[in-house]
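*Asks:* What follows is the file coords_36.txt, containing compact mmCIF, C-alpha atoms and all ligand atoms:
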```txt
# COMPACT_ATOMS: atom_id res chain seq x y z
CA VAL A 1 110.09 109.38 86.74
CA ARG A 2 107.45 110.36 89.25
CA ILE A 3 104.51 108.09 90.01
CA ILE A 4 101.42 108.55 92.17
CA HIS A 5 100.29 105.36 93.91
CA THR A 6 96.72 104.94 95.08
CA SER A 7 94.27 102.05 95.64
CA ASP A 8 91.02 100.91 97.23
CA TRP A 9 88.75 103.65 95.94
CA HIS A 10 85.66 101.44 96.30
CA ILE A 11 83.59 103.70 94.04
CA GLY A 12 79.94 102.83 94.53
CA GLN A 13 80.28 101.91 98.17
CA THR A 14 77.07 102.19 100.12
CA PHE A 15 77.81 103.41 103.61
CA HIS A 16 75.09 102.23 106.01
CA GLY A 17 72.50 102.91 103.35
CA TYR A 18 73.96 106.19 101.98
CA ASP A 19 75.80 106.49 98.67
CA ARG A 20 79.21 108.18 98.54
CA TYR A 21 79.30 109.41 94.94
CA ALA A 22 79.79 113.04 95.96
CA GLU A 23 82.79 112.13 98.14
CA HIS A 24 84.37 110.13 95.34
CA GLU A 25 83.91 113.00 92.91
CA VAL A 26 85.60 115.42 95.31
CA PHE A 27 88.49 112.97 95.77
CA LEU A 28 88.98 112.31 92.06
CA ASP A 29 88.83 116.03 91.19
CA TRP A 30 91.49 116.61 93.83
CA LEU A 31 93.55 113.74 92.42
CA VAL A 32 93.57 115.22 88.92
CA ASP A 33 94.73 118.54 90.42
CA GLN A 34 97.57 116.72 92.19
CA LEU A 35 98.61 114.82 89.05
CA GLU A 36 98.74 118.05 87.10
CA GLU A 37 100.47 120.21 89.73
CA ARG A 38 103.04 117.59 90.58
CA GLN A 39 103.63 116.73 86.92
CA ALA A 40 103.37 113.02 87.59
CA ASP A 41 104.49 110.68 84.80
CA ALA A 42 102.28 107.79 85.86
CA LEU A 43 99.29 106.99 88.04
CA LEU A 44 99.23 103.47 89.51
CA VAL A 45 95.94 102.22 90.94
CA ALA A 46 96.38 98.98 92.89
CA GLY A 47 92.92 97.47 92.83
CA ASP A 48 89.42 97.79 94.26
CA ILE A 49 88.43 100.59 91.90
CA PHE A 50 84.82 99.67 92.44
CA ASP A 51 83.17 98.35 95.55
CA GLN A 52 81.28 95.70 93.64
CA ALA A 53 81.96 93.34 90.77
CA ASN A 54 78.93 94.80 89.02
CA PRO A 55 79.18 98.54 89.70
CA ALA A 56 76.18 100.82 89.26
CA ALA A 57 76.01 103.10 86.21
CA GLU A 58 76.80 106.16 88.35
CA ALA A 59 79.93 104.48 89.75
CA GLN A 60 81.16 103.71 86.24
CA ARG A 61 80.33 107.22 85.07
CA ILE A 62 82.47 108.68 87.89
CA PHE A 63 85.40 106.43 86.95
CA PHE A 64 85.25 107.27 83.25
CA ARG A 65 84.80 110.98 83.95
CA PHE A 66 88.02 110.77 85.99
CA LEU A 67 89.92 109.00 83.19
CA SER A 68 88.71 111.56 80.68
CA SER A 69 89.61 114.52 82.87
CA ALA A 70 93.06 113.09 83.75
CA ARG A 71 93.73 112.41 80.06
CA ARG A 72 92.75 115.96 79.09
CA ARG A 73 94.65 117.77 81.85
CA CYS A 74 97.74 115.52 81.92
CA PRO A 75 98.32 114.53 78.28
CA ASP A 76 101.56 112.63 78.99
CA LEU A 77 100.40 110.73 82.06
CA ALA A 78 100.37 106.92 81.87
CA ILE A 79 97.52 105.35 83.83
CA VAL A 80 97.90 101.78 85.04
CA VAL A 81 95.00 100.13 86.86
CA VAL A 82 94.84 96.56 88.16
CA ALA A 83 91.77 94.73 89.46
CA GLY A 84 91.34 94.08 93.17
CA ASN A 85 89.34 91.32 94.82
CA HIS A 86 86.21 93.49 94.65
CA ASP A 87 86.54 94.12 90.91
CA SER A 88 85.34 91.80 88.17
CA PRO A 89 88.36 91.02 85.94
CA GLY A 90 86.25 90.82 82.80
CA ARG A 91 84.08 93.84 83.43
CA ILE A 92 86.98 96.11 84.34
CA GLU A 93 88.80 95.17 81.13
CA ALA A 94 85.75 95.62 78.90
CA PRO A 95 86.54 99.24 77.84
CA ASN A 96 90.13 98.35 76.86
CA PRO A 97 89.59 98.47 73.09
CA VAL A 98 88.79 102.18 73.54
CA LEU A 99 91.43 102.92 76.18
CA GLN A 100 94.33 101.13 74.50
CA GLY A 101 95.41 104.03 72.34
CA LEU A 102 95.16 106.48 75.25
CA ASP A 103 98.02 105.14 77.41
CA ILE A 104 95.43 103.87 79.90
CA HIS A 105 96.09 100.27 80.88
CA ILE A 106 93.49 98.31 82.81
CA VAL A 107 94.54 94.79 83.76
CA GLY A 108 91.91 92.47 85.22
CA SER A 109 93.55 89.10 84.72
CA THR A 110 96.85 87.54 83.72
CA ALA A 111 95.33 85.94 80.61
CA ASP A 112 97.36 88.16 78.24
CA ALA A 113 100.90 88.21 79.67
CA THR A 114 102.06 90.94 77.30
CA ARG A 115 99.73 93.43 79.00
CA LEU A 116 101.39 92.91 82.41
CA ARG A 117 104.43 95.02 81.53
CA VAL A 118 103.73 98.69 80.87
CA PRO A 119 106.52 101.13 79.90
CA LEU A 120 106.58 104.39 81.89
CA ARG A 121 108.08 107.41 80.11
CA ASP A 122 109.46 110.69 81.35
CA ARG A 123 108.41 114.05 79.91
CA ASP A 124 110.73 113.63 76.97
CA GLY A 125 109.13 110.33 76.04
CA VAL A 126 112.07 108.20 77.15
CA VAL A 127 111.20 104.89 78.87
CA ARG A 128 112.52 105.22 82.43
CA ALA A 129 110.64 102.46 84.22
CA TRP A 130 108.31 99.48 83.83
CA ALA A 131 105.11 98.89 85.73
CA LEU A 132 104.52 95.20 86.43
CA ALA A 133 100.74 95.31 86.39
CA MET A 134 99.82 92.23 88.41
CA PRO A 135 96.09 92.13 89.23
CA PHE A 136 94.55 90.34 92.22
CA LEU A 137 95.16 86.64 91.64
CA ARG A 138 92.15 84.46 92.32
CA PRO A 139 92.91 81.10 93.90
CA ALA A 140 91.05 79.46 91.02
CA ASP A 141 93.49 81.06 88.50
CA LEU A 142 96.58 79.61 90.18
CA PRO A 143 98.10 76.14 89.98
CA ARG A 144 96.48 73.73 92.44
CA ALA A 145 99.81 72.59 93.84
CA GLY A 146 101.31 74.57 96.70
CA THR A 147 99.80 77.22 98.93
CA TYR A 148 98.25 80.48 97.76
CA PRO A 149 101.22 82.65 98.87
CA GLU A 150 103.68 80.30 97.14
CA ALA A 151 101.75 80.46 93.88
CA VAL A 152 101.52 84.26 94.06
CA ALA A 153 105.24 84.55 94.81
CA ASP A 154 105.97 82.34 91.76
CA ALA A 155 103.87 84.61 89.57
CA TYR A 156 105.85 87.68 90.71
CA ARG A 157 109.15 85.87 90.18
CA ALA A 158 108.21 84.89 86.62
CA LEU A 159 106.97 88.37 85.72
CA THR A 160 110.07 90.01 87.22
CA ALA A 161 112.39 87.66 85.34
CA GLU A 162 110.73 88.62 82.04
CA ALA A 163 110.96 92.31 82.88
CA VAL A 164 114.61 92.06 83.90
CA ALA A 165 115.39 90.40 80.57
CA GLN A 166 113.50 93.07 78.67
CA ARG A 167 114.56 96.31 80.37
CA GLU A 168 117.49 98.52 79.49
CA PRO A 169 119.98 99.23 82.28
CA GLY A 170 118.83 102.18 84.39
CA GLN A 171 115.09 101.48 84.04
CA ALA A 172 113.29 100.93 87.36
CA LEU A 173 110.86 98.04 87.95
CA ILE A 174 107.70 98.96 89.84
CA ALA A 175 105.29 96.16 90.76
CA LEU A 176 101.60 96.55 91.48
CA GLY A 177 99.67 94.10 93.61
CA HIS A 178 96.40 93.55 95.41
CA LEU A 179 97.27 91.14 98.17
CA HIS A 180 97.94 90.70 101.87
CA VAL A 181 101.51 90.97 103.14
CA GLN A 182 102.39 89.35 106.46
CA GLY A 183 102.50 91.78 109.34
CA GLY A 184 100.16 94.22 107.61
CA LYS A 185 97.58 95.81 109.90
CA VAL A 186 94.09 94.87 108.82
CA SER A 187 90.80 96.71 109.08
CA GLU A 188 88.48 93.82 109.98
CA SER A 189 85.17 95.35 109.06
CA SER A 190 85.88 96.56 105.54
CA GLU A 191 88.47 94.38 103.81
CA ARG A 192 86.93 91.28 102.33
CA ARG A 193 89.29 88.34 102.86
CA LEU A 194 91.18 87.12 99.81
CA VAL A 195 91.33 83.43 100.57
CA ILE A 196 89.21 81.62 103.06
CA GLY A 197 90.27 78.77 105.24
CA GLY A 198 93.95 78.91 104.28
CA GLU A 199 96.99 81.08 104.74
CA GLU A 200 96.70 84.10 102.46
CA ALA A 201 99.49 86.47 103.51
CA LEU A 202 102.78 86.77 101.63
CA ASP A 203 106.16 87.47 103.16
CA ALA A 204 107.36 90.97 102.15
CA GLY A 205 110.68 89.35 101.23
CA THR A 206 109.14 87.26 98.44
CA PHE A 207 109.19 90.22 96.02
CA PRO A 208 112.36 89.85 93.95
CA ALA A 209 115.17 92.25 94.84
CA GLU A 210 115.15 93.77 91.33
CA ILE A 211 111.80 95.43 92.06
CA ALA A 212 112.48 98.97 93.30
CA TYR A 213 108.99 99.59 94.66
CA VAL A 214 105.90 97.47 95.30
CA ALA A 215 102.68 99.52 95.05
CA LEU A 216 100.07 97.57 96.97
CA GLY A 217 96.36 97.71 97.54
CA HIS A 218 93.95 95.70 99.69
CA LEU A 219 94.75 96.83 103.23
CA HIS A 220 93.02 100.12 103.92
CA LEU A 221 95.57 101.48 106.38
CA ALA A 222 98.53 103.23 104.73
CA GLN A 223 101.64 101.36 105.84
CA GLU A 224 105.07 100.26 104.71
CA LEU A 225 106.56 96.82 105.07
CA GLY A 226 109.96 95.48 104.18
CA SER A 227 112.03 98.62 104.78
CA GLY A 228 109.86 101.01 102.82
CA ARG A 229 110.08 99.29 99.45
CA VAL A 230 106.76 97.48 99.91
CA ARG A 231 103.94 99.89 100.62
CA TYR A 232 100.19 100.13 101.02
CA CYS A 233 98.99 103.63 100.13
CA GLY A 234 95.68 102.87 101.89
CA SER A 235 92.17 103.86 100.84
CA PRO A 236 91.58 107.56 100.15
CA LEU A 237 88.26 107.55 102.03
CA PRO A 238 87.47 105.92 105.37
CA LEU A 239 85.40 102.87 104.42
CA SER A 240 84.19 102.05 107.91
CA PHE A 241 84.01 103.74 111.29
CA THR A 242 87.05 101.72 112.35
CA GLU A 243 89.10 103.70 109.79
CA ILE A 244 88.36 107.16 111.24
CA ALA A 245 91.89 107.71 112.53
CA TYR A 246 93.72 106.44 109.43
CA PRO A 247 96.03 108.92 107.66
CA HIS A 248 94.22 108.77 104.30
CA GLN A 249 96.68 109.56 101.54
CA VAL A 250 98.09 108.88 98.13
CA VAL A 251 101.81 108.25 97.75
CA GLN A 252 104.22 110.04 95.43
CA VAL A 253 107.37 108.13 94.52
CA ASP A 254 110.30 109.55 92.55
CA PHE A 255 112.78 107.22 90.87
CA GLU A 256 116.38 107.87 89.92
CA GLY A 257 117.60 105.24 87.48
CA GLU A 258 116.66 101.79 88.79
CA ASN A 259 116.05 102.98 92.37
CA VAL A 260 113.63 104.96 94.51
CA ARG A 261 114.87 108.47 95.23
CA GLU A 262 112.11 109.83 97.44
CA ILE A 263 108.72 108.81 98.82
CA VAL A 264 106.21 111.46 99.93
CA ALA A 265 102.77 110.85 101.44
CA ILE A 266 100.14 113.33 100.25
CA PRO A 267 97.20 113.61 102.67
CA VAL A 268 93.75 113.42 101.04
CA PRO A 269 91.41 116.20 102.22
CA ARG A 270 88.29 114.66 103.73
CA ALA A 271 85.10 115.90 102.11
CA THR A 272 82.81 114.21 104.62
CA ALA A 273 83.57 113.74 108.30
CA LEU A 274 82.93 110.45 110.10
CA MET A 275 81.93 111.08 113.69
CA ARG A 276 81.40 108.87 116.69
CA VAL A 277 79.26 110.40 119.45
CA PRO A 278 80.18 109.90 122.17
CA GLU A 279 83.72 108.52 121.86
CA GLN A 280 82.91 105.89 124.48
CA HIS A 281 79.51 104.23 124.84
CA ALA A 282 77.35 106.09 127.34
CA SER A 283 73.86 105.89 128.82
CA LEU A 284 70.94 106.90 126.61
CA GLU A 285 70.18 110.07 128.61
CA ASP A 286 73.78 111.15 128.35
CA VAL A 287 73.90 110.39 124.62
CA ILE A 288 70.68 112.29 123.86
CA SER A 289 71.88 115.39 125.64
CA ARG A 290 75.15 115.32 123.73
CA LEU A 291 73.36 114.91 120.42
CA GLU A 292 71.06 117.83 121.20
CA ASN A 293 74.07 120.04 121.86
CA ILE A 294 76.12 119.00 118.86
CA GLU A 295 77.21 122.00 116.72
CA LEU A 296 77.71 121.34 113.02
CA PRO A 297 78.44 123.69 110.12
CA GLN A 298 75.96 123.72 107.23
CA CYS A 299 77.14 121.86 104.12
CA PRO A 300 75.67 120.33 100.93
CA ASP A 301 73.34 117.41 101.72
CA ALA A 302 75.50 114.89 99.86
CA LEU A 303 78.55 115.77 101.96
CA ARG A 304 76.95 115.90 105.41
CA PRO A 305 78.97 114.09 108.09
CA PHE A 306 78.22 110.44 108.89
CA LEU A 307 77.40 109.78 112.50
CA GLU A 308 77.72 106.67 114.63
CA VAL A 309 75.86 106.96 117.93
CA ARG A 310 77.25 104.82 120.74
CA VAL A 311 74.88 103.80 123.49
CA MET A 312 75.15 101.50 126.47
CA LEU A 313 71.88 99.95 127.58
CA ASP A 314 71.07 97.60 130.42
CA ARG A 315 67.90 96.38 128.69
CA ALA A 316 66.30 96.68 125.27
CA ASP A 317 64.78 100.13 124.71
CA THR A 318 62.18 100.41 121.95
CA THR A 319 62.25 104.22 122.03
CA LEU A 320 65.96 104.35 121.18
CA ARG A 321 65.76 105.06 117.45
CA ALA A 322 62.94 107.57 117.79
CA ARG A 323 64.74 109.50 120.52
CA VAL A 324 67.99 109.64 118.53
CA ASP A 325 66.12 110.77 115.40
CA GLU A 326 64.34 113.46 117.38
CA ALA A 327 67.58 114.78 118.90
CA LEU A 328 69.12 115.01 115.41
CA ALA A 329 66.04 116.29 113.59
CA GLU A 330 67.41 119.74 112.68
CA LYS A 331 71.10 118.82 112.47
CA PRO A 332 73.02 118.69 109.17
CA VAL A 333 74.23 115.15 109.76
CA ARG A 334 73.50 111.64 108.44
CA LEU A 335 72.80 109.00 111.06
CA ALA A 336 74.71 105.95 109.82
CA ARG A 337 74.30 103.57 112.72
CA ILE A 338 73.50 103.22 116.38
CA ASP A 339 76.00 100.98 118.08
CA VAL A 340 74.48 99.43 121.17
CA VAL A 341 76.35 97.53 123.83
CA ARG A 342 74.58 95.84 126.69
CA CYS A 343 75.79 96.13 130.22
CA THR A 344 74.29 93.51 132.48
CA ALA A 345 73.84 94.33 136.14
CA LEU A 346 76.98 93.27 137.96
CA PRO A 347 78.06 93.49 141.59
CA ASP A 348 79.34 96.99 142.39
CA ASN A 349 82.93 95.93 142.68
CA ILE A 350 83.07 94.59 139.12
CA VAL A 351 83.24 97.06 136.27
CA ALA A 352 81.00 96.18 133.35
CA SER A 353 83.00 95.85 130.17
CA PRO A 354 80.85 96.01 127.08
CA ALA A 355 81.44 93.23 124.59
CA PRO A 356 81.47 94.66 121.06
CA ARG A 357 78.88 92.95 118.89
CA LEU A 358 79.09 92.71 115.15
CA SER A 359 76.32 94.34 113.20
CA LEU A 360 74.73 92.62 110.22
CA GLN A 361 76.81 94.78 107.86
CA GLU A 362 80.04 93.71 109.50
CA LEU A 363 79.25 90.01 109.23
CA SER A 364 80.62 88.43 106.07
CA PRO A 365 79.20 85.23 104.59
CA GLU A 366 82.54 83.56 105.40
CA LEU A 367 82.39 84.60 109.03
CA VAL A 368 78.88 83.23 109.48
CA PHE A 369 79.87 79.99 107.77
CA LYS A 370 82.98 79.67 109.92
CA ARG A 371 81.00 80.20 113.11
CA LEU A 372 78.49 77.53 112.13
CA LEU A 373 81.28 75.15 111.15
CA SER A 374 82.97 75.54 114.49
CA GLN A 375 79.88 74.03 116.13
CA GLY A 376 80.36 70.72 114.31
CA ASP A 377 83.35 68.50 113.76
CA ALA A 378 83.64 68.60 109.96
CA ASP A 379 86.91 69.03 108.06
CA GLU A 380 87.01 72.83 108.23
CA ALA A 381 89.78 73.67 105.79
CA GLU A 382 88.27 71.79 102.88
CA LEU A 383 84.72 73.03 103.46
CA LEU A 384 85.90 76.63 103.90
CA GLU A 385 87.73 76.48 100.62
CA ALA A 386 84.71 75.06 98.82
CA PHE A 387 82.50 77.72 100.40
CA SER A 388 84.93 80.46 99.38
CA GLU A 389 84.75 79.37 95.77
CA LEU A 390 80.97 79.52 95.90
CA VAL A 391 81.06 83.02 97.39
CA HIS A 392 83.53 84.32 94.81
CA GLY A 393 81.44 82.73 92.07
CA ALA A 394 78.28 84.33 93.40
CA GLU A 395 79.95 87.75 93.71
CA GLU A 396 81.08 87.62 90.14
CA ALA A 397 77.67 86.58 88.93
CA THR A 398 75.88 89.48 90.59
MN MN B 401 89.74 97.23 99.38
```
Show how you would write the structure in this file as structure tokens.
*Replies:*
Amino acid sequence: VRIIHTSDWHIGQTFHGYDRYAEHEVFLDWLVDQLEERQADALLVAGDIFDQANPAAEAQRIFFRFLSSARRRCPDLAIVVVAGNHDSPGRIEAPNPVLQGLDIHIVGSTADATRLRVPLRDRDGVVRAWALAMPFLRPADLPRAGTYPEAVADAYRALTAEAVAQREPGQALIALGHLHVQGGKVSESSERRLVIGGEEALDAGTFPAEIAYVALGHLHLAQELGSGRVRYCGSPLPLSFTEIAYPHQVVQVDFEGENVREIVAIPVPRATALMRVPEQHASLEDVISRLENIELPQCPDALRPFLEVRVMLDRADTTLRARVDEALAEKPVRLARIDVVRCTALPDNIVASPAPRLSLQELSPELVFKRLLSQGDADEAELLEAFSELVHGAEEAT
């Protein structure tokens, strides 16, 4: 069988005040083309379908339009979707009564264990593999004893044991997951942490050997761990300026019997460019002249490039925003943010090195809480865990 592995769509993401619906539509149209051309047997989506637990109507419309179009154009395709830490388990499962008969499987929680094993069929309708559809596991859903990674590893062991008992010889086991594997490269400003105040990363070796391929989501950089068997496909769109250089892709995996035959990365065309001008922070005069001379092709408003302007100032400058706006007035670009670093006057023989400062959007509630905690002498681990539960609770309620 042939599967396409993708994750971390974050439909509904607001990017520095701009929506990204048009970009998501371009990506999902492209994805349906790929599924059809490549004659994929299954699409596996490893979490963070939506950016928020309570996605806007337009975000949901885009998702359902995709499901409908994929179903129409690829009648034999199985679609398996698991919830990520951004998704609400209950909300994402709500349409299941309608989707059940359509070979579309959305798994938000582990409440119904029978839904965690999905048969994947080849073109002739023969079951060739099983998807182990493990959603993001919330700390509150796991046994209190032991650490978070231990509890998650136990859940995978139990699910794999059931699948091994159930499968016919020659059928591959393919696990999904939305979690953090040790050694994975993180993108600090856009991945919301899974567990606060404790160890959250799993060892790549904890996935049982019977699993041929582990299709992961959560980390936004495409990367493989554990000799290629354990893989993050990465997000299809850059979700922050720190992800500009990522090779955004979906992953095609072919299986022969119980094993992987071939893995191919398929680059995702970028509908909207993310630009940093200049590459390195520069003085305001320098920056303004570069902005005035920027050449950009015309394109639809909703797909105009996002721009981060990088300025180094030695003192606050109240004209900054107005001058940047003026320089960009006629340009087909969307100003996303102005990143300012301060250089204080230093003796000539010392080179000023700008300290990066976090913007309000990059600060998470957990980070603020952690910083405040570090000023006192309270028991950090316990308070962080309690705070994390409150934050998760609040996110689900909104
Ligand atoms: Mn994500």
*Asks:* Could you build a table of the residues in chain A lying no more than 12 Å from ligand MN 401 (chain B), giving for each the nearest pair of atoms and their separation in Å rounded to one decimal place, using all atoms listed in the file, ordered by chain and ascending residue number, as CSV?
*Replies:*
```
residue,atom,partner,partner_atom,distance
A:Thr6,CA,B:MN401,MN,11.3
A:Ser7,CA,B:MN401,MN,7.6
A:Asp8,CA,B:MN401,MN,4.5
A:Trp9,CA,B:MN401,MN,7.4
A:His10,CA,B:MN401,MN,6.6
A:Ile11,CA,B:MN401,MN,10.4
A:Gln13,CA,B:MN401,MN,10.6
A:Val45,CA,B:MN401,MN,11.6
A:Ala46,CA,B:MN401,MN,9.4
A:Gly47,CA,B:MN401,MN,7.3
A:Asp48,CA,B:MN401,MN,5.2
A:Ile49,CA,B:MN401,MN,8.3
A:Phe50,CA,B:MN401,MN,8.9
A:Asp51,CA,B:MN401,MN,7.7
A:Gln52,CA,B:MN401,MN,10.3
A:Ala83,CA,B:MN401,MN,10.4
A:Gly84,CA,B:MN401,MN,7.1
A:Asn85,CA,B:MN401,MN,7.5
A:His86,CA,B:MN401,MN,7.0
A:Asp87,CA,B:MN401,MN,9.6
A:Phe136,CA,B:MN401,MN,11.0
A:Gly177,CA,B:MN401,MN,11.9
A:His178,CA,B:MN401,MN,8.6
A:Leu179,CA,B:MN401,MN,9.8
A:His180,CA,B:MN401,MN,10.8
A:Val186,CA,B:MN401,MN,10.7
A:Ser187,CA,B:MN401,MN,9.8
A:Glu188,CA,B:MN401,MN,11.2
A:Ser189,CA,B:MN401,MN,10.9
A:Ser190,CA,B:MN401,MN,7.3
A:Glu191,CA,B:MN401,MN,5.4
A:Arg192,CA,B:MN401,MN,7.2
A:Arg193,CA,B:MN401,MN,9.6
A:Leu194,CA,B:MN401,MN,10.2
A:Leu216,CA,B:MN401,MN,10.6
A:Gly217,CA,B:MN401,MN,6.9
A:His218,CA,B:MN401,MN,4.5
A:Leu219,CA,B:MN401,MN,6.3
A:His220,CA,B:MN401,MN,6.3
A:Leu221,CA,B:MN401,MN,10.1
A:Ala222,CA,B:MN401,MN,11.9
A:Tyr232,CA,B:MN401,MN,11.0
A:Cys233,CA,B:MN401,MN,11.3
A:Gly234,CA,B:MN401,MN,8.6
A:Ser235,CA,B:MN401,MN,7.2
A:Pro236,CA,B:MN401,MN,10.5
A:Leu237,CA,B:MN401,MN,10.8
A:Pro238,CA,B:MN401,MN,10.8
A:Leu239,CA,B:MN401,MN,8.7
A:Ser240,CA,B:MN401,MN,11.3
```
*Asks:* Could you check which of A:Pro278, A:Pro139, A:Pro297, A:Ser109 is closest to Gly393 of chain A, using all atoms listed in the file?
*Replies:*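 Of A:Pro278, A:Pro139, A:Pro297, A:Ser109, the one nearest Gly393 of chain A is A:Pro139, counting all atoms listed in the file.
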*Asks:* Give as a ChimeraX atom specification the set of residues within 10 Å of the point (103.6, 94.4, 101.6), where distances use the file's coordinates and only C-alpha atoms.
*Replies:* /A:177-184,201-207,214-219,223-232
*Asks:* Can you work out the spacing between atom CA of His105 of chain A and atom CA of Ile79 of chain A in Å, to one decimal?
*Replies:* 6.0 Å
*Asks:* One number please: atom CA of Glu258 of chain A to atom CA of Lys185 of chain A, in Å, one decimal.
*Replies:*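 Going from atom CA of Glu258 of chain A over to atom CA of Lys185 of chain A, I get 29.1 Å.
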*Asks:* Of the candidates A:Ile92, A:Leu67, A:Ala394, A:Leu176, which shows the shortest atom-to-atom distance to Ala133 of chain A, using all atoms listed in the file?
*Replies:*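 Residue with the minimum atom-to-atom distance to Ala133 of chain A: A:Leu176.
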*Asks:* May I ask which of the residues A:Glu292, A:Asp33, A:Glu200, A:Asp112 is the closest one to Arg73 of chain A, counting all atoms listed in the file?
*Replies:*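 Of the candidates, the smallest distance to Arg73 of chain A is held by A:Asp33.
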*Asks:* With only C-alpha atoms counted and 7 Å as the cut-off, give the residues of segment 237-298 of chain A in contact with segment 321-338 of chain A, each with its shortest interatomic distance in Å and the pair that gives it, as JSON lines.
*Replies:*
```
{"residue": "A:Ile288", "atom": "CA", "partner": "A:Ala327", "partner_atom": "CA", "distance": 6.4}
{"residue": "A:Leu291", "atom": "CA", "partner": "A:Ala327", "partner_atom": "CA", "distance": 6.0}
{"residue": "A:Glu292", "atom": "CA", "partner": "A:Ala327", "partner_atom": "CA", "distance": 5.2}
{"residue": "A:Leu296", "atom": "CA", "partner": "A:Pro332", "partner_atom": "CA", "distance": 6.6}
{"residue": "A:Gln298", "atom": "CA", "partner": "A:Pro332", "partner_atom": "CA", "distance": 6.1}
```
*Asks:* Do you know which residues are at most 7 Å from Pro267 of chain A counting only C-alpha atoms, after dropping those on the same chain fewer than 4 positions away, and could you put them as an mmCIF file with C-alpha atoms, in the coordinates of the input?
*Replies:*
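Here's the written file selection-v3.cif:
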```
data_model
loop_
_atom_site.group_PDB
_atom_site.id
_atom_site.type_symbol
_atom_site.label_atom_id
_atom_site.label_comp_id
_atom_site.auth_asym_id
_atom_site.auth_seq_id
_atom_site.Cartn_x
_atom_site.Cartn_y
_atom_site.Cartn_z
ATOM 1 C CA PRO A 247 96.030 108.920 107.660
ATOM 2 C CA HIS A 248 94.220 108.770 104.300
ATOM 3 C CA GLN A 249 96.680 109.560 101.540
ATOM 4 C CA VAL A 250 98.090 108.880 98.130
#
```
*Asks:* Of the residues A:Glu199, A:Arg115, A:Arg138, A:Ser88, which is the one nearest to Glu150 of chain A, using only C-alpha atoms?
*Replies:* A:Glu199
*Asks:* What does the distance from atom CA of Ala145 of chain A to atom CA of Glu93 of chain A come to in Å, to one decimal?
*Replies:*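 If I compute the distance from atom CA of Ala145 of chain A to atom CA of Glu93 of chain A, I get 28.2 Å.
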*Asks:* Pick the closest to Ile266 of chain A from A:Gly17, A:Val26, A:Ser283, A:Arg38: which is it, counting only C-alpha atoms?
*Replies:* A:Arg38
*Asks:* Could you please give me, as a list in words, the residues of protein, DNA or RNA lying at most 7 Å from (106.2, 108.0, 98.4) in the coordinate frame of the file, considering all atoms listed in the file?
*Replies:*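 Nearby residues: Val251, Gln252, Val253, Glu262, Ile263, Val264 and Ala265 of chain A.
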*Asks:* With C-alpha atoms retained, could you export that selection as a CSV table (one decimal), in the frame of the given file?
*Replies:*
```
chain,number,residue,atom,x,y,z
A,251,VAL,CA,101.8,108.2,97.8
A,252,GLN,CA,104.2,110.0,95.4
A,253,VAL,CA,107.4,108.1,94.5
A,262,GLU,CA,112.1,109.8,97.4
A,263,ILE,CA,108.7,108.8,98.8
A,264,VAL,CA,106.2,111.5,99.9
A,265,ALA,CA,102.8,110.8,101.4
```
